[in-house]
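Here is the file model_18.txt (compact mmCIF, C-alpha atoms and all ligand atoms).
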```
# COMPACT_ATOMS: atom_id res chain seq x y z
CA MET N 4 20.85 6.96 6.42
CA THR N 5 17.17 6.84 5.52
CA THR N 6 16.82 10.20 3.81
CA ALA N 7 19.01 12.31 1.58
CA PRO N 8 16.58 14.78 0.01
CA GLU N 9 19.36 16.46 -1.96
CA ASN N 10 20.30 13.28 -3.83
CA PRO N 11 17.31 10.97 -4.37
CA VAL N 12 17.82 7.97 -6.62
CA ASP N 13 16.59 8.24 -10.21
CA PRO N 14 13.13 6.51 -10.23
CA ALA N 15 13.88 5.10 -13.70
CA ALA N 16 16.77 3.12 -12.18
CA LEU N 17 14.57 1.24 -9.72
CA ALA N 18 13.34 -1.28 -12.29
CA THR N 19 16.94 -2.27 -13.00
CA LEU N 20 17.89 -2.48 -9.32
CA PRO N 21 18.58 -6.23 -8.84
CA LYS N 22 16.39 -7.59 -6.07
CA ALA N 23 14.78 -10.66 -4.54
CA GLU N 24 11.03 -10.79 -3.96
CA LEU N 25 10.26 -12.73 -0.77
CA HIS N 26 6.62 -11.85 -0.11
CA LEU N 27 4.43 -12.55 -3.11
CA HIS N 28 1.14 -14.44 -3.32
CA ILE N 29 0.91 -15.87 -6.83
CA GLU N 30 -2.89 -15.67 -6.72
CA GLY N 31 -2.46 -11.95 -5.98
CA THR N 32 -0.79 -11.49 -9.36
CA LEU N 33 -3.98 -12.34 -11.29
CA GLU N 34 -4.52 -9.16 -13.29
CA PRO N 35 -8.13 -8.23 -14.21
CA GLU N 36 -7.40 -8.88 -17.92
CA LEU N 37 -6.20 -12.40 -17.15
CA ILE N 38 -9.18 -13.04 -14.86
CA LEU N 39 -11.54 -12.27 -17.76
CA GLU N 40 -9.45 -14.29 -20.22
CA LEU N 41 -9.42 -17.37 -17.96
CA ALA N 42 -13.15 -17.01 -17.24
CA ALA N 43 -13.88 -17.00 -20.97
CA ARG N 44 -11.56 -19.97 -21.56
CA ASN N 45 -13.32 -21.95 -18.81
CA GLY N 46 -16.85 -20.92 -19.80
CA LEU N 47 -17.50 -19.11 -16.50
CA THR N 48 -19.78 -16.14 -15.95
CA LEU N 49 -18.30 -13.77 -13.39
CA PRO N 50 -20.25 -11.48 -11.04
CA PHE N 51 -18.21 -8.58 -12.51
CA PRO N 52 -17.90 -9.59 -16.16
CA THR N 53 -16.23 -6.47 -17.61
CA LEU N 54 -12.88 -4.83 -16.90
CA ASP N 55 -14.55 -1.67 -15.64
CA SER N 56 -16.98 -3.45 -13.32
CA LEU N 57 -14.20 -5.71 -12.01
CA ARG N 58 -11.74 -2.83 -11.48
CA ALA N 59 -14.45 -0.92 -9.61
CA GLN N 60 -14.20 -3.58 -6.87
CA TYR N 61 -10.54 -2.78 -6.09
CA GLU N 62 -11.23 -0.38 -3.21
CA PHE N 63 -10.47 -1.95 0.14
CA SER N 64 -11.31 -0.91 3.69
CA ASP N 65 -9.18 -3.57 5.43
CA LEU N 66 -7.54 -6.97 4.90
CA GLN N 67 -10.85 -8.89 4.92
CA SER N 68 -12.46 -6.71 2.24
CA PHE N 69 -9.50 -7.54 -0.01
CA LEU N 70 -9.50 -11.25 0.86
CA ASP N 71 -13.18 -11.52 -0.15
CA LEU N 72 -12.35 -10.40 -3.71
CA TYR N 73 -9.01 -12.27 -3.83
CA TYR N 74 -10.68 -15.61 -3.01
CA ALA N 75 -13.66 -14.92 -5.32
CA ASN N 76 -11.36 -14.19 -8.28
CA MET N 77 -9.55 -17.52 -7.82
CA ALA N 78 -12.66 -19.18 -9.28
CA VAL N 79 -11.14 -18.73 -12.75
CA LEU N 80 -8.20 -21.04 -11.92
CA ILE N 81 -9.38 -24.48 -13.00
CA THR N 82 -6.70 -26.28 -15.04
CA GLU N 83 -2.94 -26.75 -14.77
CA ALA N 84 -2.61 -24.42 -17.76
CA ASP N 85 -4.47 -21.67 -15.84
CA PHE N 86 -2.04 -21.93 -12.92
CA ALA N 87 0.93 -22.05 -15.28
CA ASP N 88 -0.25 -19.03 -17.29
CA MET N 89 -0.80 -16.99 -14.12
CA THR N 90 2.69 -17.90 -12.90
CA ARG N 91 4.35 -17.08 -16.24
CA ALA N 92 2.54 -13.73 -16.37
CA TYR N 93 3.98 -12.90 -12.94
CA LEU N 94 7.50 -13.94 -13.95
CA ALA N 95 7.35 -11.71 -17.03
CA ARG N 96 6.34 -8.73 -14.87
CA ALA N 97 8.88 -9.61 -12.20
CA GLN N 98 11.62 -9.62 -14.84
CA GLU N 99 10.57 -6.07 -15.84
CA ALA N 100 10.70 -5.13 -12.15
CA GLY N 101 14.33 -6.24 -11.77
CA VAL N 102 13.52 -9.36 -9.72
CA GLN N 103 16.35 -11.91 -9.94
CA HIS N 104 15.02 -14.37 -7.37
CA ALA N 105 11.41 -14.92 -6.25
CA GLU N 106 10.05 -16.96 -3.33
CA ILE N 107 6.44 -17.43 -4.28
CA MET N 108 3.56 -18.33 -1.96
CA PHE N 109 0.43 -20.12 -3.04
CA ASP N 110 -2.72 -20.97 -1.05
CA PRO N 111 -3.35 -24.73 -1.55
CA GLN N 112 -6.39 -24.88 0.77
CA ALA N 113 -8.16 -22.13 -1.17
CA HIS N 114 -8.03 -24.30 -4.31
CA VAL N 115 -8.89 -27.62 -2.68
CA ALA N 116 -11.91 -25.96 -1.03
CA ARG N 117 -13.19 -25.05 -4.52
CA GLY N 118 -12.91 -28.63 -5.71
CA VAL N 119 -9.65 -28.17 -7.62
CA GLU N 120 -7.21 -31.06 -7.14
CA LEU N 121 -4.11 -30.15 -5.16
CA SER N 122 -1.97 -31.67 -7.94
CA THR N 123 -3.57 -29.33 -10.51
CA ALA N 124 -2.46 -26.22 -8.61
CA VAL N 125 0.97 -27.61 -7.69
CA ASN N 126 1.78 -29.01 -11.13
CA GLY N 127 0.61 -25.90 -12.99
CA ILE N 128 2.66 -23.51 -10.85
CA ALA N 129 5.65 -25.88 -10.77
CA ALA N 130 5.65 -26.23 -14.57
CA ALA N 131 6.11 -22.48 -14.98
CA LEU N 132 8.73 -22.29 -12.22
CA ALA N 133 10.73 -25.16 -13.73
CA SER N 134 11.72 -22.95 -16.66
CA SER N 135 11.87 -19.60 -14.83
CA VAL N 136 15.65 -19.35 -15.21
CA ALA N 137 15.63 -20.25 -18.90
CA ASP N 138 12.61 -18.10 -19.73
CA PHE N 139 13.10 -15.09 -17.45
CA GLY N 140 16.51 -15.36 -15.76
CA ILE N 141 14.78 -15.61 -12.37
CA THR N 142 15.55 -18.29 -9.79
CA THR N 143 12.44 -19.31 -7.86
CA GLU N 144 11.24 -21.20 -4.81
CA LEU N 145 7.70 -22.19 -3.86
CA ILE N 146 6.14 -21.80 -0.40
CA ALA N 147 2.80 -23.36 0.61
CA ALA N 148 0.88 -20.79 2.68
CA PHE N 149 -1.81 -22.06 5.04
CA LEU N 150 -5.01 -20.19 5.83
CA ARG N 151 -4.96 -19.12 9.47
CA ASP N 152 -8.74 -18.64 9.55
CA GLN N 153 -9.14 -22.40 8.86
CA PRO N 154 -8.59 -25.11 11.49
CA GLU N 155 -5.06 -26.42 12.00
CA ALA N 156 -6.31 -29.93 11.15
CA SER N 157 -7.10 -28.80 7.59
CA ALA N 158 -3.59 -27.35 7.20
CA LEU N 159 -2.01 -30.54 8.55
CA GLU N 160 -4.01 -32.68 6.13
CA VAL N 161 -2.98 -30.60 3.12
CA LEU N 162 0.66 -30.49 4.29
CA GLU N 163 0.71 -34.31 4.47
CA GLN N 164 -0.70 -34.48 0.93
CA LEU N 165 1.97 -32.06 -0.31
CA LEU N 166 4.67 -34.18 1.33
CA ASP N 167 3.20 -37.42 -0.05
CA MET N 168 3.17 -36.06 -3.60
CA GLU N 169 6.71 -34.64 -3.15
CA ALA N 170 5.49 -31.19 -4.13
CA PRO N 171 8.49 -28.95 -4.93
CA ILE N 172 8.03 -26.64 -1.94
CA ILE N 173 10.87 -25.15 0.07
CA GLY N 174 8.77 -24.05 3.01
CA ILE N 175 5.47 -23.12 4.57
CA GLY N 176 3.82 -19.82 5.43
CA LEU N 177 0.69 -18.60 7.21
CA ASP N 178 -1.68 -16.04 5.69
CA SER N 179 -5.32 -14.86 5.43
CA ALA N 180 -7.35 -13.14 8.19
CA GLU N 181 -4.88 -12.42 10.99
CA VAL N 182 -6.76 -10.89 13.92
CA GLY N 183 -8.23 -13.61 16.13
CA ASN N 184 -6.09 -16.31 14.46
CA PRO N 185 -2.84 -16.20 16.46
CA PRO N 186 0.30 -18.24 15.77
CA SER N 187 -0.52 -20.44 18.79
CA LYS N 188 -3.21 -22.15 16.62
CA PHE N 189 -0.52 -23.67 14.38
CA ILE N 190 2.16 -25.09 16.66
CA ARG N 191 1.70 -28.69 15.43
CA LEU N 192 1.70 -27.60 11.77
CA TYR N 193 5.04 -25.83 12.13
CA ARG N 194 6.52 -28.68 14.16
CA ARG N 195 5.57 -31.12 11.39
CA ALA N 196 6.93 -28.86 8.64
CA LYS N 197 10.22 -28.45 10.47
CA GLU N 198 10.49 -32.20 10.95
CA ALA N 199 9.99 -32.55 7.16
CA GLY N 200 12.94 -30.22 6.54
CA LEU N 201 10.89 -27.25 5.35
CA ARG N 202 11.76 -23.56 5.88
CA LEU N 203 9.35 -21.60 8.07
CA VAL N 204 7.83 -18.16 7.50
CA ALA N 205 4.53 -16.58 8.65
CA HIS N 206 2.53 -13.39 8.21
CA ALA N 207 2.48 -11.54 11.53
CA GLY N 208 1.97 -7.96 12.63
CA GLU N 209 0.15 -6.85 9.46
CA GLU N 210 -3.20 -6.11 11.13
CA GLY N 211 -2.51 -8.26 14.17
CA PRO N 212 -0.61 -7.05 17.25
CA ALA N 213 3.15 -7.08 17.89
CA SER N 214 2.62 -10.06 20.20
CA TYR N 215 1.79 -12.20 17.11
CA VAL N 216 5.28 -11.43 15.76
CA GLU N 217 6.81 -12.55 19.03
CA ASP N 218 4.62 -15.67 19.11
CA ALA N 219 5.50 -16.57 15.50
CA LEU N 220 9.18 -16.55 16.55
CA ASN N 221 8.76 -18.24 19.94
CA LEU N 222 5.96 -20.75 19.25
CA LEU N 223 6.38 -21.51 15.53
CA GLY N 224 10.14 -21.00 15.16
CA VAL N 225 9.78 -18.95 11.98
CA GLU N 226 12.92 -17.72 10.22
CA ARG N 227 11.26 -14.76 8.54
CA ILE N 228 8.22 -12.59 9.29
CA ASP N 229 5.92 -11.44 6.49
CA HIS N 230 4.93 -7.79 7.12
CA GLY N 231 5.87 -7.29 10.79
CA ILE N 232 5.11 -3.57 10.67
CA ARG N 233 3.26 -3.55 13.99
CA ALA N 234 6.43 -4.80 15.70
CA VAL N 235 7.41 -1.12 16.00
CA GLU N 236 4.77 -0.77 18.73
CA ASP N 237 6.88 -2.91 21.10
CA ARG N 238 10.33 -1.49 21.92
CA ILE N 239 11.59 -4.67 23.53
CA LEU N 240 10.54 -6.73 20.52
CA VAL N 241 12.26 -4.28 18.16
CA LYS N 242 15.48 -4.69 20.17
CA ARG N 243 15.27 -8.45 19.79
CA LEU N 244 14.47 -8.29 16.05
CA VAL N 245 17.48 -6.02 15.54
CA ALA N 246 19.78 -8.22 17.64
CA GLU N 247 18.72 -11.37 15.78
CA GLN N 248 18.41 -9.58 12.41
CA VAL N 249 15.08 -11.34 11.78
CA PRO N 250 14.04 -10.57 8.20
CA LEU N 251 10.78 -8.62 7.84
CA THR N 252 9.25 -8.70 4.35
CA VAL N 253 7.50 -5.33 4.24
CA CYS N 254 4.89 -4.47 1.57
CA PRO N 255 4.30 -0.70 1.59
CA LEU N 256 1.68 -0.33 -1.18
CA SER N 257 -0.28 -3.25 0.29
CA ASN N 258 -0.25 -1.61 3.73
CA VAL N 259 -1.63 1.63 2.27
CA ARG N 260 -4.32 -0.06 0.15
CA LEU N 261 -5.47 -2.30 3.04
CA ARG N 262 -5.32 0.65 5.43
CA ALA N 263 -2.85 -0.97 7.78
CA VAL N 264 -1.29 2.52 7.62
CA ASP N 265 -3.12 5.80 6.91
CA THR N 266 -0.78 7.02 4.19
CA LEU N 267 2.60 6.09 2.72
CA ALA N 268 4.05 9.17 4.47
CA ALA N 269 2.97 7.59 7.77
CA HIS N 270 4.48 4.18 6.96
CA PRO N 271 6.94 2.98 9.65
CA LEU N 272 9.54 1.73 7.12
CA PRO N 273 11.92 4.73 7.50
CA GLN N 274 11.75 4.30 11.27
CA MET N 275 12.36 0.54 10.88
CA ILE N 276 15.45 1.17 8.75
CA SER N 277 16.79 3.72 11.24
CA ALA N 278 16.26 1.25 14.09
CA GLY N 279 18.52 -1.27 12.32
CA LEU N 280 15.79 -3.79 11.49
CA ASN N 281 16.42 -6.24 8.64
CA VAL N 282 13.68 -5.04 6.28
CA CYS N 283 13.12 -5.57 2.57
CA VAL N 284 10.52 -4.31 0.08
CA ASN N 285 7.96 -6.62 -1.55
CA SER N 286 4.70 -6.44 -3.49
CA ASP N 287 2.38 -8.95 -1.67
CA ASP N 288 -0.55 -8.98 -4.18
CA PRO N 289 0.64 -6.61 -6.90
CA ALA N 290 -2.38 -6.96 -9.22
CA TYR N 291 -4.54 -5.59 -6.40
CA PHE N 292 -2.35 -2.97 -4.74
CA GLY N 293 -1.14 -0.71 -7.53
CA GLY N 294 2.11 -2.19 -8.68
CA TYR N 295 4.92 -4.71 -8.69
CA VAL N 296 8.01 -4.49 -6.51
CA HIS N 297 9.74 -1.72 -8.49
CA ALA N 298 6.56 0.38 -8.11
CA ASN N 299 6.82 -0.11 -4.34
CA PHE N 300 10.40 1.18 -4.47
CA ALA N 301 9.35 4.08 -6.73
CA ALA N 302 6.55 5.15 -4.37
CA LEU N 303 8.97 5.03 -1.41
CA VAL N 304 11.63 7.06 -3.20
CA ALA N 305 9.00 9.62 -4.27
CA GLU N 306 7.75 9.89 -0.70
CA PHE N 307 11.00 9.77 1.26
CA ALA N 308 13.56 10.97 -1.32
CA TRP N 309 15.82 8.01 -0.54
CA ASP N 310 19.30 7.95 -2.00
CA ALA N 311 20.99 5.08 -3.85
CA ASP N 312 22.69 3.83 -0.66
CA THR N 313 19.31 3.26 1.01
CA VAL N 314 17.78 1.32 -1.87
CA GLU N 315 21.02 -0.66 -2.27
CA LYS N 316 20.76 -1.65 1.40
CA LEU N 317 17.10 -2.72 1.00
CA ALA N 318 17.85 -4.78 -2.12
CA GLY N 319 20.84 -6.37 -0.35
CA ASN N 320 18.62 -7.27 2.60
CA SER N 321 16.18 -9.02 0.25
CA VAL N 322 18.95 -11.19 -1.16
CA ARG N 323 20.59 -11.97 2.20
CA SER N 324 17.15 -12.86 3.69
CA SER N 325 16.28 -15.25 0.87
CA PHE N 326 16.53 -19.04 0.86
CA ALA N 327 18.75 -18.94 -2.26
CA SER N 328 22.08 -20.80 -2.19
CA GLU N 329 25.13 -18.89 -0.96
CA GLY N 330 26.50 -18.91 -4.53
CA ARG N 331 23.32 -17.41 -5.95
CA LYS N 332 23.25 -14.79 -3.19
CA ALA N 333 26.85 -13.80 -4.00
CA GLU N 334 25.97 -13.37 -7.70
CA MET N 335 22.99 -11.16 -6.91
CA LEU N 336 24.91 -9.08 -4.34
CA ALA N 337 27.60 -8.46 -6.96
CA ASP N 338 24.91 -7.30 -9.41
CA ILE N 339 23.51 -4.93 -6.76
CA ARG N 340 26.99 -3.47 -6.16
CA ALA N 341 27.40 -2.95 -9.92
CA TRP N 342 24.03 -1.19 -10.04
CA ARG N 343 25.11 1.08 -7.16
CA ALA N 344 28.39 1.91 -8.89
CA ALA N 345 26.47 2.96 -12.00
CA GLN N 346 24.36 5.45 -10.02
CA SER N 347 27.13 7.82 -8.92
N1 LIG G 1 -3.28 -13.44 1.39
C1 LIG G 1 -2.94 -12.75 0.30
N2 LIG G 1 -2.47 -11.54 0.64
C2 LIG G 1 -2.50 -11.47 1.99
C3 LIG G 1 -2.14 -10.49 2.95
N3 LIG G 1 -1.64 -9.30 2.61
N4 LIG G 1 -2.31 -10.77 4.25
C4 LIG G 1 -2.81 -11.95 4.62
N5 LIG G 1 -3.17 -12.90 3.76
C5 LIG G 1 -3.01 -12.66 2.45
ZN ZN G 2 1.05 -11.40 2.16
```
Spit out the file's structure as structure tokens when you get a sec.
Amino acid sequence: MTTAPENPVDPAALATLPKAELHLHIEGTLEPELILELAARNGLTLPFPTLDSLRAQYEFSDLQSFLDLYYANMAVLITEADFADMTRAYLARAQEAGVQHAEIMFDPQAHVARGVELSTAVNGIAAALASSVADFGITTELIAAFLRDQPEASALEVLEQLLDMEAPIIGIGLDSAEVGNPPSKFIRLYRRAKEAGLRLVAHAGEEGPASYVEDALNLLGVERIDHGIRAVEDRILVKRLVAEQVPLTVCPLSNVRLRAVDTLAAHPLPQMISAGLNVCVNSDDPAYFGGYVHANFAALVAEFAWDADTVEKLAGNSVRSSFASEGRKAEMLADIRAWRAAQS
């Protein structure tokens, strides 16, 4: 099922494969060109003020080395227009990548900590998302991701502010430095979010151990795991994830660039598919990791010579694992079937 070397899908068709993107940090879509443009607009002098000097920083040894640059580059986001422009730039690229539905995370605490009003970030992103269907044909949802290396009290405070201002969020997530910041730190946060009717996701098993995946399910009640690749190290956990069909939003190019895996050839995704796990392909922070979601598919097809049935299955998983309405899911699944029919 995972490999059919004699009949790999045409790489050119991967950008038209209809798909949902479920693991995407909007701040991770800030391309170097836009970083310099926003810096100039806001009168900021950056530590790496040219494209070449900035691009030279995009070599990472682990998650933290990436996060250091990712947070530093957010300094250029000051006004609602900055957040809106970043979001529109992502939607334009997502449209080219065949994305029909995007569930977009943002990091509210990272902006508040820099002195940017929460409403500036929320309103700017929300303004772009409000016209995503009209402008790009993409349905969207917004997820507030909380920084697991910060205290739970800070997350709870920001969540209350988001609820008070009726921010248009569908759910919460958990991101940033994973190791040493287990799900057990955030039990009250997730209880409060659930009580407020929000959907629950969390990063787990990216750099952290398989036990964090289990704890995110058991202690936080998450419906979807972001990454989850280290789950393969625990056979009993894999059995459970298969039985419950827990969605895992895998990000292959991210895992290679952050050295969560040695090479793409060594990525556990083929093994995860064979095991019957509910996996889908996502881009995480595409401006930093070498490409948007279709580039992730293209790298996988180049590496594993997957056939059209395999990529159809992965795209279908992304749609079925989304928080879109049943009607919207049915539309997208029909588009995926039409794409598959055109491949043979
Ligand atoms: N924040 C942005 N990208 C992230 C990732 N891949 N893991 C954890 N936190 C993140
Ligand atoms: Zn992520």
Hey, could you make a per-residue contact list for segment 214-307 of chain N against segment 167-189 of chain N with 8 Å as the cut-off, showing the nearest pair of atoms and its distance in Å to one decimal, counting all atoms listed in the file, sorted by chain and number, as a Markdown table?
```
| residue | atom | partner | partner_atom | distance |
| --- | --- | --- | --- | --- |
| N:Tyr215 | CA | N:Pro185 | CA | 6.2 |
| N:Asp218 | CA | N:Pro186 | CA | 6.0 |
| N:Ala219 | CA | N:Pro186 | CA | 5.5 |
| N:Leu222 | CA | N:Ser187 | CA | 6.5 |
| N:Leu223 | CA | N:Pro186 | CA | 6.9 |
```
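Between atom CA of Glu36 of chain N and atom CA of Leu80 of chain N there is a distance of 13.6 Å.
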Would you mind reading off the distance between atom CA of Ile146 of chain N and atom CA of Glu198 of chain N, one decimal, in Å?
->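 According to the coordinates, atom CA of Ile146 of chain N and atom CA of Glu198 of chain N are separated by 16.0 Å.
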Using only C-alpha atoms and all ligand atoms, find each residue in chain N having at least one atom no more than 10 Å away from ligand LIG 1 (chain G); report its shortest atom-to-atom pair and that distance in Å (one decimal), rows by chain then rising number, as JSON lines.
```
{"residue": "N:His26", "atom": "CA", "partner": "G:LIG1", "partner_atom": "N3", "distance": 9.1}
{"residue": "N:Leu27", "atom": "CA", "partner": "G:LIG1", "partner_atom": "N2", "distance": 7.9}
{"residue": "N:His28", "atom": "CA", "partner": "G:LIG1", "partner_atom": "C1", "distance": 5.7}
{"residue": "N:Ile29", "atom": "CA", "partner": "G:LIG1", "partner_atom": "C1", "distance": 8.7}
{"residue": "N:Glu30", "atom": "CA", "partner": "G:LIG1", "partner_atom": "C1", "distance": 7.6}
{"residue": "N:Gly31", "atom": "CA", "partner": "G:LIG1", "partner_atom": "C1", "distance": 6.3}
{"residue": "N:Thr32", "atom": "CA", "partner": "G:LIG1", "partner_atom": "C1", "distance": 10.0}
{"residue": "N:Asp65", "atom": "CA", "partner": "G:LIG1", "partner_atom": "N3", "distance": 9.9}
{"residue": "N:Leu66", "atom": "CA", "partner": "G:LIG1", "partner_atom": "N4", "distance": 6.5}
{"residue": "N:Gln67", "atom": "CA", "partner": "G:LIG1", "partner_atom": "C4", "distance": 8.6}
{"residue": "N:Phe69", "atom": "CA", "partner": "G:LIG1", "partner_atom": "N2", "distance": 8.1}
{"residue": "N:Leu70", "atom": "CA", "partner": "G:LIG1", "partner_atom": "N1", "distance": 6.6}
{"residue": "N:Tyr73", "atom": "CA", "partner": "G:LIG1", "partner_atom": "C1", "distance": 7.4}
{"residue": "N:Tyr74", "atom": "CA", "partner": "G:LIG1", "partner_atom": "N1", "distance": 8.9}
{"residue": "N:Met108", "atom": "CA", "partner": "G:LIG1", "partner_atom": "C1", "distance": 8.9}
{"residue": "N:Phe109", "atom": "CA", "partner": "G:LIG1", "partner_atom": "C1", "distance": 8.8}
{"residue": "N:Asp110", "atom": "CA", "partner": "G:LIG1", "partner_atom": "N1", "distance": 7.9}
{"residue": "N:Ala148", "atom": "CA", "partner": "G:LIG1", "partner_atom": "N1", "distance": 8.5}
{"residue": "N:Phe149", "atom": "CA", "partner": "G:LIG1", "partner_atom": "N5", "distance": 9.3}
{"residue": "N:Leu150", "atom": "CA", "partner": "G:LIG1", "partner_atom": "N5", "distance": 7.8}
{"residue": "N:Arg151", "atom": "CA", "partner": "G:LIG1", "partner_atom": "N5", "distance": 8.6}
{"residue": "N:Asp152", "atom": "CA", "partner": "G:LIG1", "partner_atom": "N5", "distance": 9.9}
{"residue": "N:Gly176", "atom": "CA", "partner": "G:LIG1", "partner_atom": "N5", "distance": 10.0}
{"residue": "N:Leu177", "atom": "CA", "partner": "G:LIG1", "partner_atom": "N5", "distance": 7.7}
{"residue": "N:Asp178", "atom": "CA", "partner": "G:LIG1", "partner_atom": "N5", "distance": 4.0}
{"residue": "N:Ser179", "atom": "CA", "partner": "G:LIG1", "partner_atom": "N5", "distance": 3.4}
{"residue": "N:Ala180", "atom": "CA", "partner": "G:LIG1", "partner_atom": "C4", "distance": 5.9}
{"residue": "N:Glu181", "atom": "CA", "partner": "G:LIG1", "partner_atom": "C4", "distance": 6.7}
{"residue": "N:Ala205", "atom": "CA", "partner": "G:LIG1", "partner_atom": "C4", "distance": 9.6}
{"residue": "N:His206", "atom": "CA", "partner": "G:LIG1", "partner_atom": "C4", "distance": 6.6}
{"residue": "N:Ala207", "atom": "CA", "partner": "G:LIG1", "partner_atom": "C4", "distance": 8.7}
{"residue": "N:Gly208", "atom": "CA", "partner": "G:LIG1", "partner_atom": "N4", "distance": 9.8}
{"residue": "N:Glu209", "atom": "CA", "partner": "G:LIG1", "partner_atom": "N4", "distance": 7.0}
{"residue": "N:Glu210", "atom": "CA", "partner": "G:LIG1", "partner_atom": "N4", "distance": 8.4}
{"residue": "N:Asp229", "atom": "CA", "partner": "G:LIG1", "partner_atom": "N4", "distance": 8.6}
{"residue": "N:His230", "atom": "CA", "partner": "G:LIG1", "partner_atom": "N3", "distance": 8.1}
{"residue": "N:Cys254", "atom": "CA", "partner": "G:LIG1", "partner_atom": "N3", "distance": 8.2}
{"residue": "N:Ser257", "atom": "CA", "partner": "G:LIG1", "partner_atom": "N3", "distance": 6.6}
{"residue": "N:Asn258", "atom": "CA", "partner": "G:LIG1", "partner_atom": "N3", "distance": 7.9}
{"residue": "N:Arg260", "atom": "CA", "partner": "G:LIG1", "partner_atom": "N3", "distance": 9.9}
{"residue": "N:Leu261", "atom": "CA", "partner": "G:LIG1", "partner_atom": "N3", "distance": 8.0}
{"residue": "N:Ala263", "atom": "CA", "partner": "G:LIG1", "partner_atom": "N3", "distance": 9.9}
{"residue": "N:Ser286", "atom": "CA", "partner": "G:LIG1", "partner_atom": "N3", "distance": 9.3}
{"residue": "N:Asp287", "atom": "CA", "partner": "G:LIG1", "partner_atom": "N3", "distance": 5.9}
{"residue": "N:Asp288", "atom": "CA", "partner": "G:LIG1", "partner_atom": "N2", "distance": 5.8}
{"residue": "N:Pro289", "atom": "CA", "partner": "G:LIG1", "partner_atom": "N2", "distance": 9.5}
{"residue": "N:Tyr291", "atom": "CA", "partner": "G:LIG1", "partner_atom": "N2", "distance": 9.4}
{"residue": "N:Phe292", "atom": "CA", "partner": "G:LIG1", "partner_atom": "N3", "distance": 9.7}
```
d(atom CA of Ile276 of chain N, atom CA of Ser328 of chain N) in Å =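 Pair atom CA of Ile276 of chain N / atom CA of Ser328 of chain N returns 25.4 Å.
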Counting only C-alpha atoms, the option among N:Leu251, N:Ala196, N:Leu20, N:Leu39 closest to Ala337 of chain N |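 The closest residue to Ala337 of chain N is N:Leu20.
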Find the residues around segment 277-280 of chain N up to 12 Å (all atoms listed in the file counted), leave out those fewer than 5 positions away in its own chain, and share them as a PyMOL selection string.
-> chain N and resi 4-6+228+231-232+234-235+238+240-253+271-272+313+316-317+320
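Remark: for Asn126 of chain N, the closest of the candidate residues N:Pro111, N:Gly140, N:Gly46, N:Gly200 is N:Pro111 (distances computed over only C-alpha atoms).
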Nearest residue to Phe63 of chain N from the set N:Ala84, N:Val259, N:Leu41, N:Ala213 (distances using all atoms listed in the file) |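 Closest to Phe63 of chain N, using all atoms listed in the file: N:Val259.
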Of N:Ile339, N:Leu49, N:Ala302, N:Val204, the one sitting nearest ligand ZN 2 (chain G) when using only C-alpha atoms and all ligand atoms is N:Val204
N:Leu336, N:Val314, N:Leu132, N:Ile190 ranked by distance to Ala95 of chain N, top pick (using only C-alpha atoms) = N:Leu132
Top pick for closest residue to Gln103 of chain N, considering N:Ala116, N:Leu162, N:Leu303, N:Val296 and counting only C-alpha atoms =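 So, comparing all the options, the nearest one is N:Val296.
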